$ cat start_15.cif   # mmCIF, N, CA and C atoms
data_work
loop_
_atom_site.label_atom_id
_atom_site.label_comp_id
_atom_site.auth_asym_id
_atom_site.auth_seq_id
_atom_site.Cartn_x
_atom_site.Cartn_y
_atom_site.Cartn_z
N GLU A 723 -99.32 116.59 76.73
CA GLU A 723 -100.68 116.66 77.26
C GLU A 723 -100.62 116.70 78.78
N LEU A 724 -101.31 117.65 79.38
CA LEU A 724 -101.33 117.82 80.82
C LEU A 724 -102.46 116.99 81.42
N HIS A 725 -102.11 116.15 82.40
CA HIS A 725 -103.08 115.27 83.05
C HIS A 725 -103.33 115.74 84.47
N SER A 726 -104.50 115.41 85.00
CA SER A 726 -104.75 115.67 86.42
C SER A 726 -104.11 114.55 87.21
N ASN A 727 -104.64 114.22 88.35
CA ASN A 727 -104.01 113.27 89.25
C ASN A 727 -103.87 111.85 88.71
N SER A 728 -104.23 111.57 87.47
CA SER A 728 -104.15 110.22 86.94
C SER A 728 -102.72 109.69 86.91
N LEU A 729 -101.74 110.56 86.76
CA LEU A 729 -100.35 110.12 86.70
C LEU A 729 -99.60 110.34 88.01
N VAL A 730 -100.16 111.13 88.90
CA VAL A 730 -99.47 111.49 90.14
C VAL A 730 -100.37 111.15 91.33
N ASN A 731 -99.81 110.46 92.31
CA ASN A 731 -100.52 110.18 93.55
C ASN A 731 -99.95 111.07 94.64
N VAL A 732 -100.83 111.84 95.31
CA VAL A 732 -100.43 112.70 96.41
C VAL A 732 -101.12 112.18 97.66
N TYR A 733 -100.32 111.80 98.65
CA TYR A 733 -100.92 111.24 99.87
C TYR A 733 -100.07 111.57 101.08
N PRO A 734 -100.69 111.86 102.20
CA PRO A 734 -102.12 112.20 102.32
C PRO A 734 -102.37 113.60 101.76
N ASN A 735 -103.59 113.84 101.38
CA ASN A 735 -104.01 115.15 100.88
C ASN A 735 -105.48 115.33 101.23
N PRO A 736 -105.82 116.21 102.16
CA PRO A 736 -105.00 117.23 102.79
C PRO A 736 -103.99 116.63 103.78
N PHE A 737 -102.99 117.46 104.15
CA PHE A 737 -101.96 117.00 105.07
C PHE A 737 -101.60 118.08 106.07
N SER A 738 -101.02 117.65 107.21
CA SER A 738 -100.63 118.62 108.22
C SER A 738 -99.15 118.55 108.55
N GLU A 739 -98.49 117.43 108.32
CA GLU A 739 -97.06 117.33 108.61
C GLU A 739 -96.23 117.21 107.34
N PHE A 740 -96.56 116.26 106.48
CA PHE A 740 -95.85 116.07 105.22
C PHE A 740 -96.76 115.34 104.26
N THR A 741 -96.42 115.41 103.00
CA THR A 741 -97.14 114.65 101.98
C THR A 741 -96.13 114.07 101.01
N THR A 742 -96.49 112.99 100.36
CA THR A 742 -95.63 112.35 99.38
C THR A 742 -96.21 112.55 97.99
N ILE A 743 -95.36 112.99 97.09
CA ILE A 743 -95.73 113.14 95.69
C ILE A 743 -95.13 111.95 94.96
N ASP A 744 -95.98 111.02 94.53
CA ASP A 744 -95.52 109.80 93.87
C ASP A 744 -95.72 109.95 92.36
N CYS A 745 -94.61 110.04 91.65
CA CYS A 745 -94.63 110.22 90.19
C CYS A 745 -94.25 108.94 89.46
N SER A 746 -94.34 107.81 90.11
CA SER A 746 -93.87 106.56 89.51
C SER A 746 -94.69 106.13 88.31
N ASN A 747 -95.91 106.68 88.13
CA ASN A 747 -96.74 106.34 86.96
C ASN A 747 -96.36 107.12 85.71
N ILE A 748 -95.48 108.10 85.84
CA ILE A 748 -95.06 108.89 84.69
C ILE A 748 -93.92 108.16 84.00
N GLN A 749 -94.13 107.81 82.74
CA GLN A 749 -93.09 107.09 81.99
C GLN A 749 -91.97 108.04 81.62
N ARG A 750 -90.75 107.62 81.98
CA ARG A 750 -89.58 108.44 81.69
C ARG A 750 -88.34 107.57 81.67
N SER A 751 -87.30 108.09 81.05
CA SER A 751 -86.02 107.38 81.04
C SER A 751 -85.11 108.00 82.09
N SER A 752 -83.98 107.37 82.34
CA SER A 752 -83.06 107.87 83.36
C SER A 752 -82.46 109.22 82.99
N SER A 753 -82.49 109.58 81.71
CA SER A 753 -81.93 110.87 81.29
C SER A 753 -82.96 112.00 81.34
N ASP A 754 -84.23 111.67 81.56
CA ASP A 754 -85.27 112.69 81.63
C ASP A 754 -85.12 113.54 82.90
N VAL A 755 -85.48 114.80 82.80
CA VAL A 755 -85.42 115.72 83.94
C VAL A 755 -86.85 116.06 84.35
N MET A 756 -87.20 115.71 85.60
CA MET A 756 -88.54 115.99 86.10
C MET A 756 -88.44 116.95 87.28
N SER A 757 -89.38 117.90 87.34
CA SER A 757 -89.41 118.84 88.45
C SER A 757 -90.84 119.03 88.93
N PHE A 758 -90.94 119.52 90.15
CA PHE A 758 -92.21 119.75 90.83
C PHE A 758 -92.30 121.23 91.13
N HIS A 759 -93.39 121.87 90.70
CA HIS A 759 -93.58 123.30 90.93
C HIS A 759 -94.84 123.49 91.76
N LEU A 760 -94.72 124.30 92.81
CA LEU A 760 -95.85 124.55 93.71
C LEU A 760 -96.22 126.02 93.65
N TYR A 761 -97.54 126.30 93.51
CA TYR A 761 -98.05 127.66 93.37
C TYR A 761 -99.11 127.92 94.44
N ASN A 762 -99.14 129.16 94.94
CA ASN A 762 -100.21 129.52 95.87
C ASN A 762 -101.46 129.88 95.06
N VAL A 763 -102.54 130.25 95.76
CA VAL A 763 -103.80 130.52 95.07
C VAL A 763 -103.74 131.77 94.20
N LEU A 764 -102.73 132.60 94.40
CA LEU A 764 -102.57 133.79 93.56
C LEU A 764 -101.75 133.50 92.31
N GLY A 765 -101.28 132.25 92.19
CA GLY A 765 -100.50 131.86 91.03
C GLY A 765 -99.01 132.10 91.17
N LYS A 766 -98.58 132.53 92.34
CA LYS A 766 -97.15 132.77 92.58
C LYS A 766 -96.46 131.45 92.89
N GLU A 767 -95.36 131.20 92.19
CA GLU A 767 -94.59 129.98 92.44
C GLU A 767 -93.91 130.12 93.80
N VAL A 768 -94.18 129.18 94.70
CA VAL A 768 -93.63 129.25 96.05
C VAL A 768 -92.54 128.21 96.30
N ALA A 769 -92.43 127.22 95.42
CA ALA A 769 -91.39 126.21 95.58
C ALA A 769 -91.15 125.49 94.26
N VAL A 770 -89.91 125.08 94.07
CA VAL A 770 -89.53 124.23 92.93
C VAL A 770 -88.63 123.14 93.48
N ILE A 771 -88.94 121.91 93.14
CA ILE A 771 -88.07 120.79 93.48
C ILE A 771 -87.58 120.22 92.16
N ALA A 772 -86.30 120.37 91.90
CA ALA A 772 -85.72 119.92 90.64
C ALA A 772 -85.23 118.48 90.77
N ASN A 773 -85.19 117.78 89.65
CA ASN A 773 -84.65 116.43 89.57
C ASN A 773 -85.26 115.47 90.59
N ILE A 774 -86.60 115.43 90.64
CA ILE A 774 -87.25 114.54 91.60
C ILE A 774 -87.18 113.10 91.12
N THR A 775 -87.26 112.18 92.07
CA THR A 775 -87.28 110.75 91.78
C THR A 775 -88.73 110.27 91.88
N SER A 776 -88.95 108.99 91.96
CA SER A 776 -90.31 108.45 92.00
C SER A 776 -91.15 109.01 93.14
N ASP A 777 -90.58 109.14 94.32
CA ASP A 777 -91.29 109.67 95.47
C ASP A 777 -90.54 110.87 96.02
N LYS A 778 -91.30 111.88 96.46
CA LYS A 778 -90.68 113.06 97.05
C LYS A 778 -91.57 113.57 98.17
N ALA A 779 -91.03 113.76 99.36
CA ALA A 779 -91.81 114.27 100.48
C ALA A 779 -91.65 115.78 100.58
N ILE A 780 -92.74 116.46 100.91
CA ILE A 780 -92.71 117.90 101.13
C ILE A 780 -93.11 118.14 102.58
N LEU A 781 -92.28 118.82 103.32
CA LEU A 781 -92.59 119.10 104.72
C LEU A 781 -93.49 120.32 104.84
N LYS A 782 -94.49 120.23 105.69
CA LYS A 782 -95.45 121.33 105.88
C LYS A 782 -94.78 122.58 106.42
N LYS A 783 -93.75 122.43 107.23
CA LYS A 783 -93.15 123.61 107.86
C LYS A 783 -92.66 124.63 106.84
N ASP A 784 -92.52 124.22 105.59
CA ASP A 784 -92.08 125.13 104.54
C ASP A 784 -93.21 125.97 103.97
N PHE A 785 -94.46 125.65 104.29
CA PHE A 785 -95.60 126.31 103.66
C PHE A 785 -96.66 126.66 104.70
N ALA A 786 -97.30 127.79 104.54
CA ALA A 786 -98.40 128.18 105.41
C ALA A 786 -99.63 127.32 105.08
N SER A 787 -100.56 127.27 105.99
CA SER A 787 -101.82 126.55 105.74
C SER A 787 -102.54 127.18 104.56
N GLY A 788 -103.22 126.34 103.78
CA GLY A 788 -103.98 126.86 102.66
C GLY A 788 -104.02 125.89 101.51
N ILE A 789 -104.48 126.38 100.37
CA ILE A 789 -104.61 125.58 99.16
C ILE A 789 -103.48 125.96 98.21
N TYR A 790 -102.86 124.95 97.62
CA TYR A 790 -101.77 125.14 96.67
C TYR A 790 -102.04 124.29 95.44
N PHE A 791 -101.43 124.67 94.36
CA PHE A 791 -101.55 123.92 93.11
C PHE A 791 -100.16 123.49 92.68
N TYR A 792 -100.07 122.26 92.18
CA TYR A 792 -98.76 121.79 91.74
C TYR A 792 -98.78 121.46 90.26
N ARG A 793 -97.60 121.45 89.69
CA ARG A 793 -97.41 121.09 88.28
C ARG A 793 -96.15 120.24 88.20
N ILE A 794 -96.25 119.11 87.56
CA ILE A 794 -95.10 118.24 87.32
C ILE A 794 -94.63 118.52 85.90
N VAL A 795 -93.34 118.82 85.76
CA VAL A 795 -92.75 119.16 84.47
C VAL A 795 -91.71 118.11 84.11
N LEU A 796 -91.81 117.56 82.91
CA LEU A 796 -90.87 116.55 82.41
C LEU A 796 -90.22 117.10 81.16
N ASN A 797 -88.91 117.29 81.21
CA ASN A 797 -88.14 117.82 80.08
C ASN A 797 -88.73 119.13 79.55
N GLY A 798 -89.16 119.99 80.47
CA GLY A 798 -89.68 121.30 80.08
C GLY A 798 -91.15 121.35 79.73
N ASN A 799 -91.84 120.20 79.72
CA ASN A 799 -93.26 120.14 79.38
C ASN A 799 -94.08 119.72 80.59
N GLY A 800 -95.19 120.42 80.83
CA GLY A 800 -96.08 120.04 81.91
C GLY A 800 -96.76 118.71 81.59
N VAL A 801 -96.71 117.75 82.52
CA VAL A 801 -97.31 116.45 82.28
C VAL A 801 -98.42 116.12 83.27
N ALA A 802 -98.47 116.81 84.42
CA ALA A 802 -99.50 116.54 85.41
C ALA A 802 -99.69 117.77 86.28
N ALA A 803 -100.90 117.89 86.84
CA ALA A 803 -101.19 119.02 87.71
C ALA A 803 -102.25 118.59 88.72
N GLY A 804 -102.31 119.30 89.83
CA GLY A 804 -103.29 118.98 90.86
C GLY A 804 -103.30 119.99 91.96
N LYS A 805 -104.07 119.69 93.02
CA LYS A 805 -104.26 120.59 94.13
C LYS A 805 -103.79 119.93 95.41
N LEU A 806 -103.14 120.70 96.28
CA LEU A 806 -102.72 120.25 97.61
C LEU A 806 -103.37 121.16 98.64
N THR A 807 -103.77 120.58 99.77
CA THR A 807 -104.31 121.37 100.87
C THR A 807 -103.44 121.14 102.09
N VAL A 808 -102.93 122.23 102.68
CA VAL A 808 -102.12 122.16 103.89
C VAL A 808 -103.00 122.60 105.05
N LEU A 809 -103.09 121.75 106.08
CA LEU A 809 -103.91 122.03 107.24
C LEU A 809 -103.06 122.56 108.40
N THR A 810 -103.70 123.23 109.33
CA THR A 810 -103.00 123.64 110.54
C THR A 810 -102.84 122.43 111.45
N ASP A 811 -101.89 122.51 112.35
CA ASP A 811 -101.66 121.40 113.30
C ASP A 811 -102.80 121.23 114.24
#
$ encode --input "start_15.cif" --output "structure tokens"
Amino acid sequence: ELHSNSLVNVYPNPFSEFTTIDCSNIQRSSSDVMSFHLYNVLGKEVAVIANITSDKAILKKDFASGIYFYRIVLNGNGVAAGKLTVLTD
């Protein structure tokens, strides 16, 4: 079942320098594989972070300003999704 931000805390959002994706509310074992997928408004995947831990920072310099959508995948299944906004400096 895919959840909105109930399982994932993104802060700050919107952001201009970096943001933290906190997945500590997602129940998983040490053998589970979790990844973070980022998509632009056209649906194109612009980044994948594989094997994330409880917290993961994303630096703004990797992405242009705008709105992005993320999906958290656990063992190949989507478990959470949400929206990120990147601001100009």
$ atom_distance --input "start_15.cif" --atom1 "CA of Ser738 in chain A" --atom2 "CA of Lys782 in chain A"
6.3 Å
$ resolve_selection --input "start_15.cif" --expression "the PyMOL selection byres (((chain A and resi 762 and name CA) around 9) and name CA)" --output "MDAnalysis selection string"
chainID A and resid 760:761 763:768 788:792
$ atom_distance --input "start_15.cif" --atom1 "atom N of Val801 in chain A" --atom2 "atom C of Cys745 in chain A"
11.5 Å
$ resolve_selection --input "start_15.cif" --expression "the PyMOL selection byres ((chain A and resi 758) around 7)" --output "NGL selection string"
:A and (756-757 or 759-760 or 769-774 or 792-795)
$ atom_distance --input "start_15.cif" --atom1 "atom N of Thr741 in chain A" --atom2 "atom C of Ser753 in chain A"
25.7 Å
$ select_by_dssp --input "start_15.cif" --residues "chain A" --states "strand (DSSP E or B)" --output "PDB file with N, CA and C atoms, in the coordinates of the input"
ATOM      1  N   HIS A 725    -102.110 116.150  82.400  1.00  0.00           N
ATOM      2  CA  HIS A 725    -103.080 115.270  83.050  1.00  0.00           C
ATOM      3  C   HIS A 725    -103.330 115.740  84.470  1.00  0.00           C
ATOM      4  N   ASN A 731     -99.810 110.460  92.310  1.00  0.00           N
ATOM      5  CA  ASN A 731    -100.520 110.180  93.550  1.00  0.00           C
ATOM      6  C   ASN A 731     -99.950 111.070  94.640  1.00  0.00           C
ATOM      7  N   VAL A 732    -100.830 111.840  95.310  1.00  0.00           N
ATOM      8  CA  VAL A 732    -100.430 112.700  96.410  1.00  0.00           C
ATOM      9  C   VAL A 732    -101.120 112.180  97.660  1.00  0.00           C
ATOM     10  N   TYR A 733    -100.320 111.800  98.650  1.00  0.00           N
ATOM     11  CA  TYR A 733    -100.920 111.240  99.870  1.00  0.00           C
ATOM     12  C   TYR A 733    -100.070 111.570 101.080  1.00  0.00           C
ATOM     13  N   PHE A 737    -102.990 117.460 104.150  1.00  0.00           N
ATOM     14  CA  PHE A 737    -101.960 117.000 105.070  1.00  0.00           C
ATOM     15  C   PHE A 737    -101.600 118.080 106.070  1.00  0.00           C
ATOM     16  N   PHE A 740     -96.560 116.260 106.480  1.00  0.00           N
ATOM     17  CA  PHE A 740     -95.850 116.070 105.220  1.00  0.00           C
ATOM     18  C   PHE A 740     -96.760 115.340 104.260  1.00  0.00           C
ATOM     19  N   THR A 741     -96.420 115.410 103.000  1.00  0.00           N
ATOM     20  CA  THR A 741     -97.140 114.650 101.980  1.00  0.00           C
ATOM     21  C   THR A 741     -96.130 114.070 101.010  1.00  0.00           C
ATOM     22  N   THR A 742     -96.490 112.990 100.360  1.00  0.00           N
ATOM     23  CA  THR A 742     -95.630 112.350  99.380  1.00  0.00           C
ATOM     24  C   THR A 742     -96.210 112.550  97.990  1.00  0.00           C
ATOM     25  N   ILE A 743     -95.360 112.990  97.090  1.00  0.00           N
ATOM     26  CA  ILE A 743     -95.730 113.140  95.690  1.00  0.00           C
ATOM     27  C   ILE A 743     -95.130 111.950  94.960  1.00  0.00           C
ATOM     28  N   ASP A 744     -95.980 111.020  94.530  1.00  0.00           N
ATOM     29  CA  ASP A 744     -95.520 109.800  93.870  1.00  0.00           C
ATOM     30  C   ASP A 744     -95.720 109.950  92.360  1.00  0.00           C
ATOM     31  N   MET A 756     -87.200 115.710  85.600  1.00  0.00           N
ATOM     32  CA  MET A 756     -88.540 115.990  86.100  1.00  0.00           C
ATOM     33  C   MET A 756     -88.440 116.950  87.280  1.00  0.00           C
ATOM     34  N   SER A 757     -89.380 117.900  87.340  1.00  0.00           N
ATOM     35  CA  SER A 757     -89.410 118.840  88.450  1.00  0.00           C
ATOM     36  C   SER A 757     -90.840 119.030  88.930  1.00  0.00           C
ATOM     37  N   PHE A 758     -90.940 119.520  90.150  1.00  0.00           N
ATOM     38  CA  PHE A 758     -92.210 119.750  90.830  1.00  0.00           C
ATOM     39  C   PHE A 758     -92.300 121.230  91.130  1.00  0.00           C
ATOM     40  N   HIS A 759     -93.390 121.870  90.700  1.00  0.00           N
ATOM     41  CA  HIS A 759     -93.580 123.300  90.930  1.00  0.00           C
ATOM     42  C   HIS A 759     -94.840 123.490  91.760  1.00  0.00           C
ATOM     43  N   LEU A 760     -94.720 124.300  92.810  1.00  0.00           N
ATOM     44  CA  LEU A 760     -95.850 124.550  93.710  1.00  0.00           C
ATOM     45  C   LEU A 760     -96.220 126.020  93.650  1.00  0.00           C
ATOM     46  N   TYR A 761     -97.540 126.300  93.510  1.00  0.00           N
ATOM     47  CA  TYR A 761     -98.050 127.660  93.370  1.00  0.00           C
ATOM     48  C   TYR A 761     -99.110 127.920  94.440  1.00  0.00           C
ATOM     49  N   GLU A 767     -95.360 131.200  92.190  1.00  0.00           N
ATOM     50  CA  GLU A 767     -94.590 129.980  92.440  1.00  0.00           C
ATOM     51  C   GLU A 767     -93.910 130.120  93.800  1.00  0.00           C
ATOM     52  N   VAL A 768     -94.180 129.180  94.700  1.00  0.00           N
ATOM     53  CA  VAL A 768     -93.630 129.250  96.050  1.00  0.00           C
ATOM     54  C   VAL A 768     -92.540 128.210  96.300  1.00  0.00           C
ATOM     55  N   ALA A 769     -92.430 127.220  95.420  1.00  0.00           N
ATOM     56  CA  ALA A 769     -91.390 126.210  95.580  1.00  0.00           C
ATOM     57  C   ALA A 769     -91.150 125.490  94.260  1.00  0.00           C
ATOM     58  N   VAL A 770     -89.910 125.080  94.070  1.00  0.00           N
ATOM     59  CA  VAL A 770     -89.530 124.230  92.930  1.00  0.00           C
ATOM     60  C   VAL A 770     -88.630 123.140  93.480  1.00  0.00           C
ATOM     61  N   ILE A 771     -88.940 121.910  93.140  1.00  0.00           N
ATOM     62  CA  ILE A 771     -88.070 120.790  93.480  1.00  0.00           C
ATOM     63  C   ILE A 771     -87.580 120.220  92.160  1.00  0.00           C
ATOM     64  N   ASP A 777     -90.580 109.140  94.320  1.00  0.00           N
ATOM     65  CA  ASP A 777     -91.290 109.670  95.470  1.00  0.00           C
ATOM     66  C   ASP A 777     -90.540 110.870  96.020  1.00  0.00           C
ATOM     67  N   LYS A 778     -91.300 111.880  96.460  1.00  0.00           N
ATOM     68  CA  LYS A 778     -90.680 113.060  97.050  1.00  0.00           C
ATOM     69  C   LYS A 778     -91.570 113.570  98.170  1.00  0.00           C
ATOM     70  N   ALA A 779     -91.030 113.760  99.360  1.00  0.00           N
ATOM     71  CA  ALA A 779     -91.810 114.270 100.480  1.00  0.00           C
ATOM     72  C   ALA A 779     -91.650 115.780 100.580  1.00  0.00           C
ATOM     73  N   ILE A 780     -92.740 116.460 100.910  1.00  0.00           N
ATOM     74  CA  ILE A 780     -92.710 117.900 101.130  1.00  0.00           C
ATOM     75  C   ILE A 780     -93.110 118.140 102.580  1.00  0.00           C
ATOM     76  N   LEU A 781     -92.280 118.820 103.320  1.00  0.00           N
ATOM     77  CA  LEU A 781     -92.590 119.100 104.720  1.00  0.00           C
ATOM     78  C   LEU A 781     -93.490 120.320 104.840  1.00  0.00           C
ATOM     79  N   GLY A 788    -103.220 126.340 103.780  1.00  0.00           N
ATOM     80  CA  GLY A 788    -103.980 126.860 102.660  1.00  0.00           C
ATOM     81  C   GLY A 788    -104.020 125.890 101.510  1.00  0.00           C
ATOM     82  N   ILE A 789    -104.480 126.380 100.370  1.00  0.00           N
ATOM     83  CA  ILE A 789    -104.610 125.580  99.160  1.00  0.00           C
ATOM     84  C   ILE A 789    -103.480 125.960  98.210  1.00  0.00           C
ATOM     85  N   TYR A 790    -102.860 124.950  97.620  1.00  0.00           N
ATOM     86  CA  TYR A 790    -101.770 125.140  96.670  1.00  0.00           C
ATOM     87  C   TYR A 790    -102.040 124.290  95.440  1.00  0.00           C
ATOM     88  N   PHE A 791    -101.430 124.670  94.360  1.00  0.00           N
ATOM     89  CA  PHE A 791    -101.550 123.920  93.110  1.00  0.00           C
ATOM     90  C   PHE A 791    -100.160 123.490  92.680  1.00  0.00           C
ATOM     91  N   TYR A 792    -100.070 122.260  92.180  1.00  0.00           N
ATOM     92  CA  TYR A 792     -98.760 121.790  91.740  1.00  0.00           C
ATOM     93  C   TYR A 792     -98.780 121.460  90.260  1.00  0.00           C
ATOM     94  N   ARG A 793     -97.600 121.450  89.690  1.00  0.00           N
ATOM     95  CA  ARG A 793     -97.410 121.090  88.280  1.00  0.00           C
ATOM     96  C   ARG A 793     -96.150 120.240  88.200  1.00  0.00           C
ATOM     97  N   ILE A 794     -96.250 119.110  87.560  1.00  0.00           N
ATOM     98  CA  ILE A 794     -95.100 118.240  87.320  1.00  0.00           C
ATOM     99  C   ILE A 794     -94.630 118.520  85.900  1.00  0.00           C
ATOM    100  N   VAL A 795     -93.340 118.820  85.760  1.00  0.00           N
ATOM    101  CA  VAL A 795     -92.750 119.160  84.470  1.00  0.00           C
ATOM    102  C   VAL A 795     -91.710 118.110  84.110  1.00  0.00           C
ATOM    103  N   LEU A 796     -91.810 117.560  82.910  1.00  0.00           N
ATOM    104  CA  LEU A 796     -90.870 116.550  82.410  1.00  0.00           C
ATOM    105  C   LEU A 796     -90.220 117.100  81.160  1.00  0.00           C
ATOM    106  N   ASN A 799     -91.840 120.200  79.720  1.00  0.00           N
ATOM    107  CA  ASN A 799     -93.260 120.140  79.380  1.00  0.00           C
ATOM    108  C   ASN A 799     -94.080 119.720  80.590  1.00  0.00           C
ATOM    109  N   GLY A 800     -95.190 120.420  80.830  1.00  0.00           N
ATOM    110  CA  GLY A 800     -96.080 120.040  81.910  1.00  0.00           C
ATOM    111  C   GLY A 800     -96.760 118.710  81.590  1.00  0.00           C
ATOM    112  N   VAL A 801     -96.710 117.750  82.520  1.00  0.00           N
ATOM    113  CA  VAL A 801     -97.310 116.450  82.280  1.00  0.00           C
ATOM    114  C   VAL A 801     -98.420 116.120  83.270  1.00  0.00           C
ATOM    115  N   ALA A 802     -98.470 116.810  84.420  1.00  0.00           N
ATOM    116  CA  ALA A 802     -99.500 116.540  85.410  1.00  0.00           C
ATOM    117  C   ALA A 802     -99.690 117.770  86.280  1.00  0.00           C
ATOM    118  N   ALA A 803    -100.900 117.890  86.840  1.00  0.00           N
ATOM    119  CA  ALA A 803    -101.190 119.020  87.710  1.00  0.00           C
ATOM    120  C   ALA A 803    -102.250 118.590  88.720  1.00  0.00           C
ATOM    121  N   GLY A 804    -102.310 119.300  89.830  1.00  0.00           N
ATOM    122  CA  GLY A 804    -103.290 118.980  90.860  1.00  0.00           C
ATOM    123  C   GLY A 804    -103.300 119.990  91.960  1.00  0.00           C
ATOM    124  N   LYS A 805    -104.070 119.690  93.020  1.00  0.00           N
ATOM    125  CA  LYS A 805    -104.260 120.590  94.130  1.00  0.00           C
ATOM    126  C   LYS A 805    -103.790 119.930  95.410  1.00  0.00           C
ATOM    127  N   LEU A 806    -103.140 120.700  96.280  1.00  0.00           N
ATOM    128  CA  LEU A 806    -102.720 120.250  97.610  1.00  0.00           C
ATOM    129  C   LEU A 806    -103.370 121.160  98.640  1.00  0.00           C
ATOM    130  N   THR A 807    -103.770 120.580  99.770  1.00  0.00           N
ATOM    131  CA  THR A 807    -104.310 121.370 100.870  1.00  0.00           C
ATOM    132  C   THR A 807    -103.440 121.140 102.090  1.00  0.00           C
ATOM    133  N   VAL A 808    -102.930 122.230 102.680  1.00  0.00           N
ATOM    134  CA  VAL A 808    -102.120 122.160 103.890  1.00  0.00           C
ATOM    135  C   VAL A 808    -103.000 122.600 105.050  1.00  0.00           C
TER     136      VAL A 808
END
$ axis_aligned_box --input "start_15.cif" --around "range 790-804 of chain A" --padding-each-side "8 Å" --output "JSON"
{"center_x": -95.7, "center_y": 120.6, "center_z": 88.5, "size_x": 31.2, "size_y": 25.0, "size_z": 34.2}
$ closest_residue --input "start_15.cif" --among "A:Ser787, A:Thr810, A:Ser776, A:Thr742" --to "Val755 in chain A" --atoms "only C-alpha atoms"
A:Ser776
$ closest_residue --input "start_15.cif" --among "A:Pro736, A:Leu796, A:Leu729, A:Thr775" --to "Val808 in chain A" --atoms "only C-alpha atoms"
A:Pro736
$ closest_residue --input "start_15.cif" --among "A:Ala802, A:Ala786, A:Asn797, A:Phe737" --to "Ser752 in chain A" --atoms "only C-alpha atoms"
A:Asn797
$ resolve_selection --input "start_15.cif" --expression "the PyMOL selection byres (((chain A and resi 730 and name CA) around 7) and name CA)" --output "VMD selection string"
chain A and resid 727 to 729 731 to 732 743 to 745 747 802
$ closest_residue --input "start_15.cif" --among "A:Gly798, A:Lys778, A:Leu809, A:Gly804" --to "Asp754 in chain A" --atoms "all atoms listed in the file"
A:Gly798
$ build_atoms --input "start_15.cif" --residues "range 791-796 of chain A" --atoms "all heavy atoms" --output "CSV table (one decimal), in the coordinates of the input"
chain,number,residue,atom,x,y,z
A,791,PHE,N,-101.4,124.7,94.4
A,791,PHE,CA,-101.6,123.9,93.1
A,791,PHE,C,-100.2,123.5,92.7
A,791,PHE,O,-99.2,124.2,92.8
A,791,PHE,CB,-102.2,124.8,92.0
A,791,PHE,CG,-103.6,125.2,92.4
A,791,PHE,CD1,-103.8,126.4,93.1
A,791,PHE,CD2,-104.7,124.4,92.2
A,791,PHE,CE1,-105.1,126.8,93.5
A,791,PHE,CE2,-106.0,124.7,92.6
A,791,PHE,CZ,-106.2,126.0,93.2
A,792,TYR,N,-100.1,122.3,92.2
A,792,TYR,CA,-98.8,121.8,91.7
A,792,TYR,C,-98.8,121.5,90.3
A,792,TYR,O,-99.8,121.2,89.7
A,792,TYR,CB,-98.3,120.6,92.5
A,792,TYR,CG,-99.1,119.3,92.4
A,792,TYR,CD1,-98.9,118.5,91.3
A,792,TYR,CD2,-100.2,119.0,93.3
A,792,TYR,CE1,-99.7,117.3,91.1
A,792,TYR,CE2,-100.9,117.9,93.1
A,792,TYR,CZ,-100.7,117.0,92.0
A,792,TYR,OH,-101.4,115.9,91.9
A,793,ARG,N,-97.6,121.4,89.7
A,793,ARG,CA,-97.4,121.1,88.3
A,793,ARG,C,-96.2,120.2,88.2
A,793,ARG,O,-95.1,120.6,88.7
A,793,ARG,CB,-97.3,122.4,87.5
A,793,ARG,CG,-97.1,122.1,86.0
A,793,ARG,CD,-97.2,123.5,85.3
A,793,ARG,NE,-97.0,123.2,83.8
A,793,ARG,CZ,-96.2,123.9,83.1
A,793,ARG,NH1,-95.5,125.0,83.6
A,793,ARG,NH2,-96.0,123.7,81.8
A,794,ILE,N,-96.2,119.1,87.6
A,794,ILE,CA,-95.1,118.2,87.3
A,794,ILE,C,-94.6,118.5,85.9
A,794,ILE,O,-95.4,118.5,85.0
A,794,ILE,CB,-95.5,116.7,87.5
A,794,ILE,CG1,-96.1,116.5,88.8
A,794,ILE,CG2,-94.3,115.9,87.2
A,794,ILE,CD1,-95.2,116.7,90.0
A,795,VAL,N,-93.3,118.8,85.8
A,795,VAL,CA,-92.8,119.2,84.5
A,795,VAL,C,-91.7,118.1,84.1
A,795,VAL,O,-90.8,117.8,84.9
A,795,VAL,CB,-92.1,120.6,84.5
A,795,VAL,CG1,-91.4,120.9,83.2
A,795,VAL,CG2,-93.2,121.6,84.8
A,796,LEU,N,-91.8,117.6,82.9
A,796,LEU,CA,-90.9,116.6,82.4
A,796,LEU,C,-90.2,117.1,81.2
A,796,LEU,O,-90.9,117.4,80.2
A,796,LEU,CB,-91.6,115.2,82.1
A,796,LEU,CG,-90.8,114.1,81.6
A,796,LEU,CD1,-89.8,113.6,82.7
A,796,LEU,CD2,-91.7,112.9,81.2
